[in-house]
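To keep things clear, I will list the structure first and then write my remarks on it.
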Amino acid sequence: MATANSVRLVTHNKMGKFDLSHRVVLTPMTKQRSDGNIPQPHAILYYSQQASKGGLLIAEATGGVPDTAQGYRCTPAFGTKEQVEEWKLIVNAVHEQGDILFCQIWHVGRVSNQIKSNHETH
Ligand SMILES: Cc1cc2nc3c(=O)[nH]c(=O)nc-3n(C[C@H](O)[C@H](O)[C@H](O)COP(=O)(O)O)c2cc1C
């Protein structure tokens with residue numbers, strides 16, 4: 001039963017300019033399944049499965065901007081045209097369900113490397 005201090009999960013949530021239908025948010029979760037730092041087709045399925053009308057998803061940490069921001073193998077990036085095109089497919093699939101996808105931009109500091117070097121370690 002809801003108390004005076006409780007927040008109902010399935011209630012409207014105005015977050016800045018976004019009008020969300022509920023308060024269940026997907027937190028970013030790194031997977032290291034993006035071969036060559038390129039999001040793969042299974043990510044379209046994964047994020048689609050998390051999506052719901054009026055919801056908010058935060059995608060896994062994403063590097064590539066600048067290209068020295070990348071540090072971990074198989075994490076996604078959006079620095080190249082190919083990477084951006086794959087992200088578009090994911091975003092479109094999520095939008096089709098009326099959900100919003102935020103990208104978590106990542107710079108991994110001292111462990112950072114260039115995307116080119118990541119490719120070479122595969
Ligand atoms: C496998 C895994 C990967 C995660 N990757 C990220 C990430 O990429 N970015 C981030 O900010 N948090 C990441 N997190 C943290 C989660 O988004 C989330 O904040 C956390 O699991 C919530 O629970 P906690 O704060 O009680 O640990 C990750 C967590 C897990 C379990």
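Residue numbering restarts at 1 for every chain of the structure tokens, chains are lettered A, B, ... in their displayed order, and ligands are numbered from 1 as they appear.
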So that I can check the surroundings of Phe78 (chain A), please list as a PyMOL selection string every protein, DNA and RNA residue that reaches within 8 Å of it, counting only C-alpha atoms and ignoring chain neighbours fewer than 2 positions away. chain A and resi 38+62-65+76+80-81+83-84+87
Which residues are near ligand 1 - at most 10 Å, using only C-alpha atoms and all ligand atoms? Format: as a VMD selection string. chain A and resid 26 to 32 58 to 62 75 104 to 106
Only C-alpha atoms, please: the residues just picked out, written as a PDB file, in the first residue's frame.
```pdb
ATOM      1  CA  LEU A  26      17.388   1.115 -17.101  1.00  0.00           C
ATOM      2  CA  THR A  27      20.804   1.957 -15.642  1.00  0.00           C
ATOM      3  CA  PRO A  28      23.842   1.794 -17.913  1.00  0.00           C
ATOM      4  CA  MET A  29      25.440  -1.655 -17.900  1.00  0.00           C
ATOM      5  CA  THR A  30      28.668  -2.358 -19.738  1.00  0.00           C
ATOM      6  CA  LYS A  31      28.654  -5.637 -21.636  1.00  0.00           C
ATOM      7  CA  GLN A  32      31.811  -5.757 -23.786  1.00  0.00           C
ATOM      8  CA  ILE A  58      20.459   4.713 -20.339  1.00  0.00           C
ATOM      9  CA  ALA A  59      22.712   2.802 -22.691  1.00  0.00           C
ATOM     10  CA  GLU A  60      25.966   1.209 -21.658  1.00  0.00           C
ATOM     11  CA  ALA A  61      28.989   3.476 -21.325  1.00  0.00           C
ATOM     12  CA  THR A  62      30.104   4.519 -24.800  1.00  0.00           C
ATOM     13  CA  THR A  75      32.765  -1.672 -25.483  1.00  0.00           C
ATOM     14  CA  GLN A 104      26.296   7.521 -21.485  1.00  0.00           C
ATOM     15  CA  ILE A 105      29.435   9.157 -22.836  1.00  0.00           C
ATOM     16  CA  TRP A 106      32.554   7.601 -21.402  1.00  0.00           C
TER      17      TRP A 106
END
```
Just the alpha helix (DSSP H) stuff from chain A, please, per backbone DSSP, written as a ChimeraX atom specification. /A:41-50,81-96,115-120
Residue subset to file, keeping N, CA and C atoms, as a short mmCIF file (atom, residue, chain, number, x, y, z; two decimals), in the first residue's frame:
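As a result, again32.cif now contains:
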```
data_model
loop_
_atom_site.label_atom_id
_atom_site.label_comp_id
_atom_site.auth_asym_id
_atom_site.auth_seq_id
_atom_site.Cartn_x
_atom_site.Cartn_y
_atom_site.Cartn_z
N PRO A 41 24.11 -6.29 -33.84
CA PRO A 41 22.65 -6.42 -33.97
C PRO A 41 21.96 -6.90 -32.69
N HIS A 42 22.64 -7.73 -31.88
CA HIS A 42 21.96 -8.20 -30.67
C HIS A 42 21.63 -7.06 -29.72
N ALA A 43 22.36 -5.94 -29.85
CA ALA A 43 22.05 -4.78 -28.99
C ALA A 43 20.69 -4.18 -29.36
N ILE A 44 20.31 -4.30 -30.62
CA ILE A 44 18.98 -3.81 -31.03
C ILE A 44 17.92 -4.61 -30.28
N LEU A 45 18.11 -5.93 -30.26
CA LEU A 45 17.15 -6.80 -29.56
C LEU A 45 17.17 -6.50 -28.06
N TYR A 46 18.36 -6.38 -27.49
CA TYR A 46 18.47 -6.16 -26.05
C TYR A 46 17.76 -4.88 -25.63
N TYR A 47 18.08 -3.77 -26.29
CA TYR A 47 17.47 -2.49 -25.87
C TYR A 47 15.98 -2.45 -26.20
N SER A 48 15.58 -3.14 -27.26
CA SER A 48 14.14 -3.23 -27.57
C SER A 48 13.40 -3.95 -26.45
N GLN A 49 14.04 -5.00 -25.95
CA GLN A 49 13.39 -5.77 -24.88
C GLN A 49 13.26 -4.97 -23.59
N GLN A 50 14.14 -4.01 -23.39
CA GLN A 50 14.07 -3.18 -22.17
C GLN A 50 13.09 -2.03 -22.33
N LYS A 81 31.58 6.69 -38.48
CA LYS A 81 30.28 6.64 -39.18
C LYS A 81 29.63 5.27 -39.00
N GLU A 82 30.43 4.23 -39.09
CA GLU A 82 29.89 2.87 -38.94
C GLU A 82 29.26 2.68 -37.56
N GLN A 83 29.93 3.17 -36.54
CA GLN A 83 29.39 3.05 -35.18
C GLN A 83 28.10 3.84 -35.04
N VAL A 84 28.10 5.04 -35.57
CA VAL A 84 26.91 5.90 -35.48
C VAL A 84 25.73 5.24 -36.19
N GLU A 85 26.00 4.64 -37.35
CA GLU A 85 24.91 4.00 -38.10
C GLU A 85 24.31 2.84 -37.30
N GLU A 86 25.14 2.10 -36.60
CA GLU A 86 24.62 0.99 -35.78
C GLU A 86 23.80 1.53 -34.61
N TRP A 87 24.28 2.62 -34.00
CA TRP A 87 23.52 3.23 -32.90
C TRP A 87 22.15 3.71 -33.39
N LYS A 88 22.11 4.21 -34.61
CA LYS A 88 20.82 4.71 -35.15
C LYS A 88 19.79 3.59 -35.17
N LEU A 89 20.23 2.38 -35.53
CA LEU A 89 19.30 1.24 -35.57
C LEU A 89 18.76 0.93 -34.18
N ILE A 90 19.63 1.03 -33.19
CA ILE A 90 19.21 0.78 -31.81
C ILE A 90 18.22 1.86 -31.36
N VAL A 91 18.61 3.10 -31.59
CA VAL A 91 17.76 4.23 -31.17
C VAL A 91 16.40 4.17 -31.86
N ASN A 92 16.39 3.87 -33.14
CA ASN A 92 15.11 3.79 -33.86
C ASN A 92 14.22 2.69 -33.27
N ALA A 93 14.82 1.55 -32.96
CA ALA A 93 14.04 0.44 -32.40
C ALA A 93 13.43 0.83 -31.05
N VAL A 94 14.20 1.56 -30.26
CA VAL A 94 13.71 2.00 -28.94
C VAL A 94 12.62 3.07 -29.12
N HIS A 95 12.86 4.00 -30.00
CA HIS A 95 11.87 5.06 -30.25
C HIS A 95 10.55 4.48 -30.76
N GLU A 96 10.65 3.42 -31.57
CA GLU A 96 9.43 2.80 -32.10
C GLU A 96 8.50 2.33 -30.99
N ILE A 115 41.02 3.83 -30.57
CA ILE A 115 40.18 2.77 -31.13
C ILE A 115 41.01 1.87 -32.04
N LYS A 116 41.92 2.48 -32.79
CA LYS A 116 42.77 1.70 -33.70
C LYS A 116 43.50 0.60 -32.92
N SER A 117 44.01 0.95 -31.73
CA SER A 117 44.74 -0.03 -30.93
C SER A 117 43.82 -1.13 -30.47
N ASN A 118 42.55 -0.77 -30.14
CA ASN A 118 41.59 -1.79 -29.72
C ASN A 118 41.39 -2.81 -30.82
N HIS A 119 41.26 -2.34 -32.05
CA HIS A 119 41.08 -3.26 -33.17
C HIS A 119 42.25 -4.22 -33.26
N GLU A 120 43.43 -3.68 -33.04
CA GLU A 120 44.63 -4.50 -33.21
C GLU A 120 44.75 -5.60 -32.17
#
```
For each of A:Thr11, A:Asn37, A:Ser52, A:Ser112, take the minimum atom-to-atom distance to Ala77 (chain A), counting only C-alpha atoms, then give the residue where this is smallest. A:Asn37
CA of Gly79 (chain A) to CA of Arg110 (chain A): how many Å, to one decimal?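 One can read the CA of Gly79 (chain A) to CA of Arg110 (chain A) distance as 19.0 Å.
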Secondary structure check, strand (DSSP E or B) residues of region 6-91 of chain A, as an NGL selection string: :A and (13-15 or 18-20 or 25-26 or 56-58 or 62-63 or 70 or 77)
Keeping C-alpha atoms for every residue in the selection just given, could you write it to a file as a compact mmCIF listing (two decimals), in the first residue's frame?
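After the write, result03.txt holds the following:
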```
# COMPACT_ATOMS: atom_id res chain seq x y z
CA ASN A 13 7.32 11.62 -14.20
CA LYS A 14 8.29 15.00 -15.62
CA MET A 15 12.06 14.96 -16.04
CA PHE A 18 10.82 14.68 -20.95
CA ASP A 19 7.39 13.45 -19.97
CA LEU A 20 7.83 9.91 -18.77
CA VAL A 25 14.79 3.46 -15.63
CA LEU A 26 17.39 1.11 -17.10
CA LEU A 56 13.83 5.93 -20.13
CA LEU A 57 16.84 3.75 -20.91
CA ILE A 58 20.46 4.71 -20.34
CA THR A 62 30.10 4.52 -24.80
CA GLY A 63 33.47 5.87 -25.85
CA GLN A 70 38.21 4.21 -25.49
CA ALA A 77 31.80 3.73 -29.35
```
What's the 7 Å shell around Gly55 (chain A), counting only C-alpha atoms, without same-chain residues fewer than 4 positions away, as a list in words?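 Here the answer would be Leu20, Ser21, His22, Val24, Val25, Ala51, Asp99 and Ile100 of chain A.
We find CA of Lys53 (chain A) and CA of Phe102 (chain A) to be spaced 15.0 Å apart.
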